[in-house]
file protein35.cif (mmCIF, C-alpha atoms)
data_work
#
loop_
_atom_site.group_PDB
_atom_site.id
_atom_site.type_symbol
_atom_site.label_atom_id
_atom_site.label_comp_id
_atom_site.auth_asym_id
_atom_site.auth_seq_id
_atom_site.Cartn_x
_atom_site.Cartn_y
_atom_site.Cartn_z
ATOM 1 C CA MET A 1 7.225 -19.066 -8.535
ATOM 2 C CA ALA A 2 7.797 -20.783 -5.216
ATOM 3 C CA ILE A 3 7.819 -19.038 -1.842
ATOM 4 C CA PHE A 4 11.136 -20.656 -0.988
ATOM 5 C CA LYS A 5 14.255 -21.376 -3.013
ATOM 6 C CA ILE A 6 16.669 -24.238 -2.362
ATOM 7 C CA MET A 7 20.124 -23.213 -1.130
ATOM 8 C CA ILE A 8 23.247 -25.263 -0.351
ATOM 9 C CA VAL A 9 24.964 -24.654 2.988
ATOM 10 C CA ILE A 10 27.340 -26.387 5.404
ATOM 11 C CA ASN A 11 25.634 -28.767 7.826
ATOM 12 C CA ARG A 12 26.684 -27.410 11.212
ATOM 13 C CA SER A 13 25.469 -30.499 13.047
ATOM 14 C CA LYS A 14 28.212 -32.710 11.608
ATOM 15 C CA PHE A 15 31.068 -31.719 13.999
ATOM 16 C CA ILE A 16 33.416 -31.041 11.094
ATOM 17 C CA GLU A 17 37.184 -30.879 11.673
ATOM 18 C CA ILE A 18 39.905 -29.965 9.204
ATOM 19 C CA SER A 19 43.490 -31.092 9.681
ATOM 20 C CA ASP A 20 46.595 -31.758 7.616
ATOM 21 C CA GLU A 21 45.121 -35.195 6.923
ATOM 22 C CA GLY A 22 41.940 -33.797 5.320
ATOM 23 C CA LEU A 23 38.341 -33.367 6.437
ATOM 24 C CA SER A 24 36.730 -35.490 9.126
ATOM 25 C CA PHE A 25 33.209 -35.417 10.522
ATOM 26 C CA TYR A 26 31.032 -37.315 12.951
ATOM 27 C CA ASP A 27 27.471 -38.448 12.218
ATOM 28 C CA GLY A 28 27.233 -41.353 14.623
ATOM 29 C CA ASN A 29 30.452 -42.715 13.157
ATOM 30 C CA HIS A 30 33.738 -40.965 12.471
ATOM 31 C CA GLN A 31 34.332 -40.476 8.772
ATOM 32 C CA LYS A 32 37.222 -38.909 6.915
ATOM 33 C CA ILE A 33 37.939 -37.619 3.404
ATOM 34 C CA VAL A 34 41.688 -37.422 2.789
ATOM 35 C CA ARG A 35 41.769 -36.569 -0.905
ATOM 36 C CA TYR A 36 42.544 -32.843 -0.522
ATOM 37 C CA ASN A 37 44.877 -30.863 1.662
ATOM 38 C CA LYS A 38 43.950 -28.615 4.570
ATOM 39 C CA GLN A 39 44.014 -25.346 2.570
ATOM 40 C CA ILE A 40 41.557 -26.640 -0.031
ATOM 41 C CA TRP A 41 39.144 -27.902 2.630
ATOM 42 C CA LEU A 42 39.323 -24.591 4.497
ATOM 43 C CA LYS A 43 38.360 -22.737 1.312
ATOM 44 C CA ILE A 44 35.488 -25.136 0.548
ATOM 45 C CA ILE A 45 34.048 -24.957 4.048
ATOM 46 C CA GLU A 46 34.445 -21.165 4.119
ATOM 47 C CA TRP A 47 32.611 -20.903 0.772
ATOM 48 C CA TYR A 48 29.625 -22.885 2.054
ATOM 49 C CA GLN A 49 29.360 -21.020 5.361
ATOM 50 C CA ILE A 50 27.048 -18.730 3.384
ATOM 51 C CA PRO A 51 23.985 -20.346 1.740
ATOM 52 C CA ARG A 52 24.631 -20.748 -1.977
ATOM 53 C CA GLU A 53 22.301 -21.359 -4.873
ATOM 54 C CA PRO A 54 22.705 -24.918 -6.241
ATOM 55 C CA GLU A 55 24.376 -23.765 -9.447
ATOM 56 C CA GLU A 56 26.924 -21.554 -7.631
ATOM 57 C CA ILE A 57 30.414 -23.116 -7.727
ATOM 58 C CA PRO A 58 33.651 -21.527 -6.417
ATOM 59 C CA GLN A 59 35.971 -20.712 -9.306
ATOM 60 C CA ASP A 60 39.424 -20.787 -7.656
ATOM 61 C CA ILE A 61 39.514 -23.915 -5.469
ATOM 62 C CA LEU A 62 39.292 -26.916 -7.803
ATOM 63 C CA PRO A 63 38.563 -27.415 -11.506
ATOM 64 C CA MET A 64 34.867 -26.951 -12.239
ATOM 65 C CA ASN A 65 34.018 -30.588 -13.015
ATOM 66 C CA GLU A 66 35.882 -31.794 -9.949
ATOM 67 C CA MET A 67 34.164 -29.228 -7.713
ATOM 68 C CA ILE A 68 30.719 -30.259 -9.019
ATOM 69 C CA ALA A 69 31.491 -33.918 -8.363
ATOM 70 C CA LEU A 70 32.802 -33.152 -4.855
ATOM 71 C CA LYS A 71 29.688 -31.121 -4.048
ATOM 72 C CA LYS A 72 27.518 -34.113 -4.945
ATOM 73 C CA VAL A 73 29.586 -36.334 -2.642
ATOM 74 C CA LEU A 74 29.372 -33.845 0.233
ATOM 75 C CA LEU A 75 25.614 -33.581 -0.214
ATOM 76 C CA LYS A 76 25.285 -37.370 -0.191
ATOM 77 C CA LEU A 77 27.362 -37.535 3.014
ATOM 78 C CA ASN A 78 25.239 -34.698 4.462
ATOM 79 C CA VAL A 79 28.316 -32.550 5.077
ATOM 80 C CA LEU A 80 26.515 -30.075 2.870
ATOM 81 C CA LYS A 81 22.729 -29.852 3.042
ATOM 82 C CA GLU A 82 19.901 -28.353 1.077
ATOM 83 C CA ASP A 83 18.182 -25.559 2.931
ATOM 84 C CA LYS A 84 15.073 -23.535 2.154
ATOM 85 C CA ALA A 85 15.571 -19.794 1.954
ATOM 86 C CA ILE A 86 12.601 -17.448 1.877
ATOM 87 C CA LEU A 87 12.475 -15.345 -1.283
ATOM 88 C CA LYS A 88 13.033 -11.627 -0.739
ATOM 89 C CA SER A 89 9.526 -10.792 -1.932
ATOM 90 C CA PHE A 90 8.054 -12.970 0.853
ATOM 91 C CA GLU A 91 10.323 -11.997 3.761
ATOM 92 C CA ARG A 92 7.946 -9.514 5.378
ATOM 93 C CA LEU A 93 4.961 -11.794 4.890
ATOM 94 C CA ASN A 94 6.817 -14.728 6.399
ATOM 95 C CA ASN A 95 7.843 -12.528 9.343
ATOM 96 C CA PHE A 96 4.201 -11.505 9.810
ATOM 97 C CA TYR A 97 3.031 -15.108 10.173
ATOM 98 C CA ASP A 98 6.029 -15.975 12.356
ATOM 99 C CA CYS A 99 4.926 -13.256 14.779
ATOM 100 C CA TYR A 100 1.743 -15.163 15.565
ATOM 101 C CA GLY A 101 3.324 -18.620 15.691
ATOM 102 C CA GLY A 102 0.346 -20.181 13.970
ATOM 103 C CA LYS A 103 -0.006 -21.007 10.307
ATOM 104 C CA SER A 104 2.920 -21.020 7.940
ATOM 105 C CA LEU A 105 2.872 -19.179 4.640
ATOM 106 C CA GLU A 106 2.561 -22.546 2.889
ATOM 107 C CA GLU A 107 -0.554 -23.379 4.923
ATOM 108 C CA ILE A 108 -2.083 -19.979 4.131
ATOM 109 C CA SER A 109 -1.563 -20.680 0.431
ATOM 110 C CA LYS A 110 -3.947 -23.678 0.664
ATOM 111 C CA ILE A 111 -6.939 -21.637 1.909
ATOM 112 C CA LYS A 112 -9.827 -21.400 -0.588
ATOM 113 C CA VAL A 113 -11.934 -18.239 -0.838
ATOM 114 C CA MET A 114 -15.147 -17.712 -2.811
ATOM 115 C CA ILE A 115 -15.971 -14.070 -3.519
ATOM 116 C CA TRP A 116 -19.401 -13.212 -4.826
ATOM 117 C CA GLY A 117 -19.350 -9.689 -6.222
ATOM 118 C CA CYS A 118 -16.160 -8.112 -7.596
ATOM 119 C CA GLY A 119 -16.931 -4.423 -7.246
ATOM 120 C CA THR A 120 -15.284 -1.854 -5.014
ATOM 121 C CA VAL A 121 -14.945 -4.045 -1.924
ATOM 122 C CA GLY A 122 -14.632 -7.431 -3.616
ATOM 123 C CA THR A 123 -11.610 -6.333 -5.635
ATOM 124 C CA ALA A 124 -9.964 -4.840 -2.541
ATOM 125 C CA ILE A 125 -10.452 -8.095 -0.630
ATOM 126 C CA VAL A 126 -8.941 -10.167 -3.459
ATOM 127 C CA ASP A 127 -6.008 -7.776 -3.772
ATOM 128 C CA ASN A 128 -5.277 -7.857 -0.034
ATOM 129 C CA LEU A 129 -5.684 -11.613 0.379
ATOM 130 C CA ALA A 130 -3.494 -12.367 -2.643
ATOM 131 C CA LYS A 131 -0.747 -10.209 -1.159
ATOM 132 C CA MET A 132 -1.199 -12.007 2.176
ATOM 133 C CA GLY A 133 -0.400 -15.361 0.566
ATOM 134 C CA VAL A 134 -3.866 -16.735 -0.268
ATOM 135 C CA LYS A 135 -3.648 -18.526 -3.619
ATOM 136 C CA ASN A 136 -7.028 -20.158 -4.311
ATOM 137 C CA PHE A 137 -10.047 -18.119 -5.365
ATOM 138 C CA LEU A 138 -13.405 -18.517 -7.035
ATOM 139 C CA LEU A 139 -14.512 -15.088 -8.294
ATOM 140 C CA ILE A 140 -18.169 -14.620 -9.249
ATOM 141 C CA ASP A 141 -19.437 -11.519 -11.043
ATOM 142 C CA SER A 142 -21.350 -11.010 -14.281
ATOM 143 C CA ASP A 143 -20.483 -7.322 -14.764
ATOM 144 C CA ILE A 144 -18.056 -5.649 -17.107
ATOM 145 C CA VAL A 145 -15.685 -2.844 -16.134
ATOM 146 C CA GLU A 146 -17.235 0.608 -16.545
ATOM 147 C CA GLU A 147 -15.600 4.011 -16.375
ATOM 148 C CA LYS A 148 -17.152 4.642 -12.941
ATOM 149 C CA ASN A 149 -15.319 1.602 -11.539
ATOM 150 C CA ILE A 150 -11.892 3.125 -12.072
ATOM 151 C CA ILE A 151 -12.313 5.776 -9.363
ATOM 152 C CA ALA A 152 -13.676 3.255 -6.878
ATOM 153 C CA GLN A 153 -10.763 0.850 -6.549
ATOM 154 C CA SER A 154 -7.185 0.146 -7.557
ATOM 155 C CA ILE A 155 -7.326 -2.822 -9.951
ATOM 156 C CA TYR A 156 -9.372 -1.644 -12.936
ATOM 157 C CA GLN A 157 -7.718 0.699 -15.429
ATOM 158 C CA LYS A 158 -9.050 2.614 -18.444
ATOM 159 C CA GLU A 159 -7.910 -0.077 -20.842
ATOM 160 C CA ASP A 160 -10.097 -2.577 -18.934
ATOM 161 C CA ILE A 161 -13.368 -0.784 -19.753
ATOM 162 C CA GLY A 162 -15.731 -3.225 -21.458
ATOM 163 C CA LEU A 163 -13.931 -6.340 -20.199
ATOM 164 C CA LYS A 164 -15.354 -8.844 -17.726
ATOM 165 C CA LYS A 165 -14.430 -7.868 -14.177
ATOM 166 C CA VAL A 166 -13.509 -11.399 -13.130
ATOM 167 C CA ARG A 167 -11.152 -11.794 -16.086
ATOM 168 C CA VAL A 168 -9.403 -8.489 -15.321
ATOM 169 C CA ILE A 169 -8.933 -9.429 -11.649
ATOM 170 C CA LYS A 170 -7.571 -12.866 -12.540
ATOM 171 C CA ASN A 171 -5.038 -11.312 -14.925
ATOM 172 C CA TYR A 172 -4.084 -8.660 -12.359
ATOM 173 C CA VAL A 173 -3.437 -11.165 -9.563
ATOM 174 C CA GLU A 174 -1.454 -13.506 -11.796
ATOM 175 C CA MET A 175 0.694 -10.565 -12.934
ATOM 176 C CA LEU A 176 1.706 -9.767 -9.342
ATOM 177 C CA ASN A 177 4.566 -12.255 -9.776
ATOM 178 C CA ILE A 178 4.286 -13.553 -6.202
ATOM 179 C CA GLY A 179 3.785 -17.263 -6.814
ATOM 180 C CA GLU A 180 1.388 -19.654 -8.476
ATOM 181 C CA PHE A 181 -2.331 -18.888 -8.165
ATOM 182 C CA ASN A 182 -5.360 -21.092 -8.744
ATOM 183 C CA ILE A 183 -8.090 -18.637 -9.721
ATOM 184 C CA GLU A 184 -11.425 -19.845 -11.053
ATOM 185 C CA ILE A 185 -13.815 -17.274 -12.492
ATOM 186 C CA SER A 186 -17.514 -17.219 -13.288
ATOM 187 C CA ASP A 187 -19.438 -14.479 -15.064
ATOM 188 C CA ASN A 188 -22.866 -16.048 -14.493
ATOM 189 C CA PHE A 189 -25.628 -13.793 -13.232
ATOM 190 C CA ILE A 190 -27.201 -15.684 -10.335
ATOM 191 C CA LYS A 191 -30.986 -15.204 -10.207
ATOM 192 C CA ASN A 192 -31.976 -17.664 -7.492
ATOM 193 C CA GLU A 193 -30.656 -20.065 -4.894
ATOM 194 C CA LYS A 194 -31.003 -23.118 -7.190
ATOM 195 C CA GLU A 195 -28.746 -21.559 -9.803
ATOM 196 C CA PHE A 196 -26.218 -20.755 -7.130
ATOM 197 C CA LYS A 197 -26.236 -24.278 -5.724
ATOM 198 C CA ASP A 198 -26.160 -25.944 -9.147
ATOM 199 C CA ASN A 199 -23.215 -23.891 -10.309
ATOM 200 C CA TYR A 200 -21.008 -23.620 -7.234
ATOM 201 C CA GLN A 201 -21.638 -26.450 -4.807
ATOM 202 C CA TYR A 202 -18.510 -28.185 -6.157
ATOM 203 C CA TYR A 203 -16.264 -25.437 -4.745
ATOM 204 C CA ARG A 204 -15.638 -26.328 -1.100
ATOM 205 C CA SER A 205 -14.357 -22.953 0.049
ATOM 206 C CA ASP A 206 -13.045 -22.157 3.513
ATOM 207 C CA PHE A 207 -14.429 -18.609 3.278
ATOM 208 C CA MET A 208 -17.496 -17.414 1.395
ATOM 209 C CA VAL A 209 -17.441 -13.645 0.966
ATOM 210 C CA ASP A 210 -20.655 -11.906 -0.068
ATOM 211 C CA CYS A 211 -20.014 -8.551 -1.742
ATOM 212 C CA ALA A 212 -22.887 -8.786 -4.234
ATOM 213 C CA ASP A 213 -25.285 -5.840 -4.479
ATOM 214 C CA ALA A 214 -28.089 -7.471 -6.503
ATOM 215 C CA LYS A 215 -29.768 -10.352 -4.692
ATOM 216 C CA ASN A 216 -32.928 -11.268 -2.857
ATOM 217 C CA GLU A 217 -33.512 -12.519 0.663
ATOM 218 C CA GLU A 218 -33.682 -16.225 -0.158
ATOM 219 C CA LEU A 219 -30.548 -16.064 -2.286
ATOM 220 C CA ASP A 220 -28.684 -14.362 0.531
ATOM 221 C CA ILE A 221 -29.951 -16.949 3.020
ATOM 222 C CA GLN A 222 -28.895 -19.739 0.631
ATOM 223 C CA PHE A 223 -25.373 -18.328 0.544
ATOM 224 C CA ILE A 224 -25.291 -18.408 4.354
ATOM 225 C CA LYS A 225 -26.603 -21.996 4.421
ATOM 226 C CA PHE A 226 -24.048 -22.967 1.800
ATOM 227 C CA ALA A 227 -21.235 -21.790 4.076
ATOM 228 C CA GLN A 228 -22.754 -23.675 7.013
ATOM 229 C CA GLN A 229 -23.255 -26.878 5.010
ATOM 230 C CA TYR A 230 -19.587 -27.069 4.047
ATOM 231 C CA ASP A 231 -18.179 -25.877 7.400
ATOM 232 C CA GLY A 232 -17.063 -22.626 5.875
ATOM 233 C CA VAL A 233 -16.925 -19.105 7.216
ATOM 234 C CA TYR A 234 -19.471 -16.591 5.908
ATOM 235 C CA LEU A 235 -18.408 -12.972 5.545
ATOM 236 C CA SER A 236 -20.490 -10.113 4.166
ATOM 237 C CA THR A 237 -19.763 -6.417 3.701
ATOM 238 C CA GLY A 238 -21.695 -3.261 3.006
ATOM 239 C CA TYR A 239 -21.867 0.531 3.099
ATOM 240 C CA ALA A 240 -24.537 2.646 4.710
ATOM 241 C CA ASP A 241 -24.474 6.398 5.206
ATOM 242 C CA ASP A 242 -21.126 7.109 6.880
ATOM 243 C CA ASN A 243 -20.549 3.568 8.120
ATOM 244 C CA ASP A 244 -18.971 0.399 6.794
ATOM 245 C CA TYR A 245 -20.166 -3.016 7.976
ATOM 246 C CA ILE A 246 -18.565 -6.446 8.135
ATOM 247 C CA PHE A 247 -20.523 -9.571 9.108
ATOM 248 C CA LYS A 248 -18.550 -12.720 9.943
ATOM 249 C CA VAL A 249 -20.173 -16.006 10.984
ATOM 250 C CA SER A 250 -18.627 -19.411 11.589
ATOM 251 C CA ASN A 251 -20.385 -20.688 14.720
ATOM 252 C CA ASP A 252 -24.052 -19.837 15.288
ATOM 253 C CA PHE A 253 -25.413 -19.820 11.737
ATOM 254 C CA ASP A 254 -28.988 -20.329 12.962
ATOM 255 C CA LYS A 255 -28.860 -17.180 15.059
ATOM 256 C CA PHE A 256 -27.430 -15.197 12.172
ATOM 257 C CA GLU A 257 -29.992 -16.582 9.734
ATOM 258 C CA ASN A 258 -32.794 -15.560 12.100
ATOM 259 C CA PHE A 259 -31.213 -12.124 12.365
ATOM 260 C CA MET A 260 -31.141 -11.786 8.590
ATOM 261 C CA ARG A 261 -34.722 -13.006 8.148
ATOM 262 C CA SER A 262 -36.124 -10.716 10.824
ATOM 263 C CA ASN A 263 -34.075 -7.721 9.697
ATOM 264 C CA TRP A 264 -33.953 -8.229 5.929
ATOM 265 C CA GLY A 265 -35.774 -5.069 4.964
ATOM 266 C CA SER A 266 -34.027 -2.824 7.458
ATOM 267 C CA SER A 267 -30.652 -4.518 7.136
ATOM 268 C CA LYS A 268 -30.669 -4.172 3.355
ATOM 269 C CA LYS A 269 -31.372 -0.515 3.811
ATOM 270 C CA LYS A 270 -29.163 0.029 6.805
ATOM 271 C CA TYR A 271 -26.261 -2.360 6.339
ATOM 272 C CA GLN A 272 -26.066 -3.300 2.661
ATOM 273 C CA LEU A 273 -27.340 -0.251 0.861
ATOM 274 C CA SER A 274 -26.655 -0.565 -2.852
ATOM 275 C CA SER A 275 -25.993 3.113 -3.372
ATOM 276 C CA ASN A 276 -23.023 3.196 -5.765
ATOM 277 C CA ARG A 277 -21.348 5.486 -3.268
ATOM 278 C CA GLY A 278 -18.190 3.387 -2.866
ATOM 279 C CA VAL A 279 -14.972 5.302 -3.472
ATOM 280 C CA ILE A 280 -11.425 4.080 -3.166
ATOM 281 C CA ILE A 281 -10.755 5.573 0.277
ATOM 282 C CA ASP A 282 -13.671 3.612 1.797
ATOM 283 C CA SER A 283 -13.533 0.470 -0.321
ATOM 284 C CA GLN A 284 -9.833 -0.026 0.410
ATOM 285 C CA LEU A 285 -10.478 0.381 4.140
ATOM 286 C CA LEU A 286 -13.361 -2.082 4.058
ATOM 287 C CA GLY A 287 -11.420 -4.497 1.869
ATOM 288 C CA SER A 288 -8.365 -4.361 4.149
ATOM 289 C CA LEU A 289 -10.413 -4.898 7.312
ATOM 290 C CA SER A 290 -12.343 -7.763 5.704
ATOM 291 C CA ALA A 291 -9.126 -9.421 4.540
ATOM 292 C CA ARG A 292 -7.593 -8.927 7.984
ATOM 293 C CA SER A 293 -10.710 -10.472 9.535
ATOM 294 C CA ILE A 294 -10.183 -13.554 7.352
ATOM 295 C CA ILE A 295 -6.475 -13.767 8.191
ATOM 296 C CA ASN A 296 -7.201 -13.350 11.912
ATOM 297 C CA HIS A 297 -9.717 -16.181 11.718
ATOM 298 C CA ILE A 298 -7.213 -18.450 9.968
ATOM 299 C CA LEU A 299 -4.583 -17.697 12.616
ATOM 300 C CA GLY A 300 -7.034 -18.298 15.458
ATOM 301 C CA LEU A 301 -6.723 -14.707 16.672
ATOM 302 C CA ASP A 302 -10.458 -14.029 16.365
ATOM 303 C CA LYS A 303 -13.006 -16.748 15.585
ATOM 304 C CA GLU A 304 -15.981 -14.978 17.141
ATOM 305 C CA ASP A 305 -19.162 -14.288 15.194
ATOM 306 C CA ARG A 306 -19.514 -10.564 14.832
ATOM 307 C CA MET A 307 -21.026 -7.609 13.068
ATOM 308 C CA LEU A 308 -18.452 -4.862 12.952
ATOM 309 C CA GLU A 309 -19.527 -1.275 12.360
ATOM 310 C CA ILE A 310 -16.856 1.192 11.224
ATOM 311 C CA ASN A 311 -17.712 4.858 11.615
ATOM 312 C CA LEU A 312 -15.978 6.614 8.733
ATOM 313 C CA LEU A 313 -16.264 10.086 10.273
ATOM 314 C CA ASN A 314 -14.542 9.521 13.582
ATOM 315 C CA LEU A 315 -12.802 6.257 12.593
ATOM 316 C CA THR A 316 -14.157 4.220 15.486
ATOM 317 C CA MET A 317 -15.367 0.618 15.435
ATOM 318 C CA ARG A 318 -17.903 -1.284 17.495
ATOM 319 C CA ASN A 319 -19.347 -4.789 17.568
ATOM 320 C CA ILE A 320 -23.113 -5.108 17.251
ATOM 321 C CA PRO A 321 -24.751 -8.363 18.499
ATOM 322 C CA PHE A 322 -26.963 -10.481 16.230
ATOM 323 C CA GLU A 323 -30.292 -9.837 17.913
#
call {"tool": "encode", "arguments": {"input": "protein35.cif", "output": "structure tokens"}}
result
Amino acid sequence: MAIFKIMIVINRSKFIEISDEGLSFYDGNHQKIVRYNKQIWLKIIEWYQIPREPEEIPQDILPMNEMIALKKVLLKLNVLKEDKAILKSFERLNNFYDCYGGKSLEEISKIKVMIWGCGTVGTAIVDNLAKMGVKNFLLIDSDIVEEKNIIAQSIYQKEDIGLKKVRVIKNYVEMLNIGEFNIEISDNFIKNEKEFKDNYQYYRSDFMVDCADAKNEELDIQFIKFAQQYDGVYLSTGYADDNDYIFKVSNDFDKFENFMRSNWGSSKKKYQLSSNRGVIIDSQLLGSLSARSIINHILGLDKEDRMLEINLLNLTMRNIPFE
């Protein structure tokens, strides 16, 4: 399904006049069509004041075949024109991007996102980005859906238990009926940085989102270097105690890498605690903020490197420097 549909409408730039002699218009030269009388032309022009779908033909002006032939002539003369109309399902989204005067919805649809880890937060990020117009994903996760996953997020259902997470997410997104998606999936379990590079270096993503909860320091560092190598944006998320964390890096990768190396032990414990404590109320918040961070970066609203801490008890946020 396309974002836009083609409509037929009168071309208001043609300086159209209707008289007893027929229809005349100016497009650098004066032209005239004298085949029909004034009343017929008035009805035709009135009909096409409102954008019409290409197959829509007025029933009470001329015989059907004659009206179809006339429409083709008017389109060729550019008295009528094809116009793109935003589909109802995309109106609000199109209005959102219009507000910021930056990227169009079509440009957003070309962004490529790699998501490593499709648990509570990963699924929320995919869900939010898909509904924001992002169409291209590589989803990486080796797990299957378990009963505990159902309470943690909004995609997996009871009938999905035992199925591969990446397959369920792909099916879910494609069933949203909001356009064509290009979703690649991988259920490989990545044990080291070589496996990661061998398997995924072909996918030149704009954003690399790390939501995995089972990795070592060098693998994490490799993921960061991978983003840097291909001029991508690295984003990582995590829970700890009563805080959510979002890391986003696109500029000073060296500084962030040094931060991760010097703080690996404490940061794993403090910022990326694999505690299985994610529930829907927190994972949806973290997924929404992460997706919004990506959209803001695309629109040029916020391209700064940052570590964002969200306090879940008093709902405050603060930026923490990479030191």
call {"tool": "atom_distance", "arguments": {"input": "protein35.cif", "atom1": "CA of Asp282 (chain A)", "atom2": "CA of Asp143 (chain A)"}}
result
21.0 Å
call {"tool": "closest_atom_pairs", "arguments": {"input": "protein35.cif", "of": "region 14-132 of chain A", "to": "region 201-225 of chain A", "cutoff": "12 Å", "atoms": "only C-alpha atoms", "output": "tab-separated table"}}
result
residue	atom	partner	partner_atom	distance
A:Ile108	CA	A:Asp206	CA	11.2
A:Ser109	CA	A:Asp206	CA	12.0
A:Lys110	CA	A:Asp206	CA	9.7
A:Ile111	CA	A:Asp206	CA	6.3
A:Lys112	CA	A:Ser205	CA	4.8
A:Val113	CA	A:Phe207	CA	4.8
A:Met114	CA	A:Met208	CA	4.8
A:Ile115	CA	A:Val209	CA	4.7
A:Trp116	CA	A:Asp210	CA	5.1
A:Gly117	CA	A:Ala212	CA	4.2
A:Cys118	CA	A:Cys211	CA	7.0
A:Gly119	CA	A:Cys211	CA	7.5
A:Thr120	CA	A:Cys211	CA	8.8
A:Val121	CA	A:Cys211	CA	6.8
A:Gly122	CA	A:Cys211	CA	5.8
A:Thr123	CA	A:Cys211	CA	9.5
A:Ala124	CA	A:Cys211	CA	10.7
A:Ile125	CA	A:Val209	CA	9.1
A:Val126	CA	A:Val209	CA	10.2
A:Leu129	CA	A:Phe207	CA	11.6
call {"tool": "resolve_selection", "arguments": {"input": "protein35.cif", "expression": "the PyMOL selection byres ((chain A and resi 249) around 7)", "output": "ChimeraX atom specification"}}
result
/A:233-235,247-248,250-253,305-306
call {"tool": "resolve_selection", "arguments": {"input": "protein35.cif", "expression": "the PyMOL selection byres ((chain A and resi 40) around 10)", "output": "PDB file with C-alpha atoms, in the coordinates of the input"}}
result
ATOM      1  CA  ILE A  18      39.905 -29.965   9.204  1.00  0.00           C
ATOM      2  CA  GLY A  22      41.940 -33.797   5.320  1.00  0.00           C
ATOM      3  CA  LEU A  23      38.341 -33.367   6.437  1.00  0.00           C
ATOM      4  CA  ARG A  35      41.769 -36.569  -0.905  1.00  0.00           C
ATOM      5  CA  TYR A  36      42.544 -32.843  -0.522  1.00  0.00           C
ATOM      6  CA  ASN A  37      44.877 -30.863   1.662  1.00  0.00           C
ATOM      7  CA  LYS A  38      43.950 -28.615   4.570  1.00  0.00           C
ATOM      8  CA  GLN A  39      44.014 -25.346   2.570  1.00  0.00           C
ATOM      9  CA  TRP A  41      39.144 -27.902   2.630  1.00  0.00           C
ATOM     10  CA  LEU A  42      39.323 -24.591   4.497  1.00  0.00           C
ATOM     11  CA  LYS A  43      38.360 -22.737   1.312  1.00  0.00           C
ATOM     12  CA  ILE A  44      35.488 -25.136   0.548  1.00  0.00           C
ATOM     13  CA  ILE A  45      34.048 -24.957   4.048  1.00  0.00           C
ATOM     14  CA  GLU A  46      34.445 -21.165   4.119  1.00  0.00           C
ATOM     15  CA  ASP A  60      39.424 -20.787  -7.656  1.00  0.00           C
ATOM     16  CA  ILE A  61      39.514 -23.915  -5.469  1.00  0.00           C
ATOM     17  CA  LEU A  62      39.292 -26.916  -7.803  1.00  0.00           C
TER      18      LEU A  62
END
call {"tool": "residues_around", "arguments": {"input": "protein35.cif", "residues": "region 154-170 of chain A", "least_positions_apart": "3", "cutoff": "8 Å", "atoms": "only C-alpha atoms", "output": "PyMOL selection string"}}
result
chain A and resi 118+123-124+139-147+149-151+173-174+183+185-187+280
call {"tool": "closest_residue", "arguments": {"input": "protein35.cif", "among": "A:Leu299, A:Met7, A:Ala130, A:Leu313", "to": "Ala85 (chain A)", "atoms": "all atoms listed in the file"}}
result
A:Met7
call {"tool": "resolve_selection", "arguments": {"input": "protein35.cif", "expression": "the PyMOL selection byres ((chain A and resi 79) around 10)", "output": "MDAnalysis selection string"}}
result
chainID A and resid 9:16 24:27 45 71 73:78 80:81
call {"tool": "atom_distance", "arguments": {"input": "protein35.cif", "atom1": "CA of Leu285 (chain A)", "atom2": "CA of Asn136 (chain A)"}}
result
22.5 Å
call {"tool": "atom_distance", "arguments": {"input": "protein35.cif", "atom1": "CA of Asn258 (chain A)", "atom2": "CA of Leu315 (chain A)"}}
result
29.6 Å
call {"tool": "closest_residue", "arguments": {"input": "protein35.cif", "among": "A:Phe189, A:Phe4, A:Phe226, A:Tyr48", "to": "Glu257 (chain A)", "atoms": "all atoms listed in the file"}}
result
A:Phe226
call {"tool": "residues_around", "arguments": {"input": "protein35.cif", "residues": "Pro54 (chain A)", "least_positions_apart": "3", "cutoff": "9 Å", "atoms": "all atoms listed in the file", "output": "list in words"}}
result
Ile6, Met7, Ile8, Ile57 and Glu82 of chain A
call {"tool": "closest_residue", "arguments": {"input": "protein35.cif", "among": "A:Lys5, A:His30, A:Lys131, A:Arg292", "to": "Arg52 (chain A)", "atoms": "only C-alpha atoms"}}
result
A:Lys5
call {"tool": "decode", "arguments": {"input": "protein35.cif", "residues": "region 128-134 of chain A", "atoms": "N, CA and C atoms", "output": "JSON list (two decimals), in the first residue's frame"}}
result
[["chain", "number", "residue", "atom", "x", "y", "z"],
["A", 128, "ASN", "N", 6.90, 1.28, 17.44],
["A", 128, "ASN", "CA", 6.80, 2.74, 17.33],
["A", 128, "ASN", "C", 7.38, 3.26, 16.02],
["A", 129, "LEU", "N", 8.54, 2.75, 15.63],
["A", 129, "LEU", "CA", 9.16, 3.23, 14.39],
["A", 129, "LEU", "C", 8.33, 2.87, 13.17],
["A", 130, "ALA", "N", 7.77, 1.66, 13.16],
["A", 130, "ALA", "CA", 6.94, 1.24, 12.03],
["A", 130, "ALA", "C", 5.74, 2.17, 11.90],
["A", 131, "LYS", "N", 5.16, 2.57, 13.02],
["A", 131, "LYS", "CA", 4.00, 3.46, 12.98],
["A", 131, "LYS", "C", 4.40, 4.91, 12.75],
["A", 132, "MET", "N", 5.70, 5.19, 12.78],
["A", 132, "MET", "CA", 6.20, 6.53, 12.43],
["A", 132, "MET", "C", 6.68, 6.58, 10.98],
["A", 133, "GLY", "N", 6.51, 5.51, 10.23],
["A", 133, "GLY", "CA", 6.82, 5.53, 8.81],
["A", 133, "GLY", "C", 8.11, 4.88, 8.40],
["A", 134, "VAL", "N", 8.89, 4.34, 9.36],
["A", 134, "VAL", "CA", 10.12, 3.62, 9.02],
["A", 134, "VAL", "C", 9.73, 2.27, 8.43]]
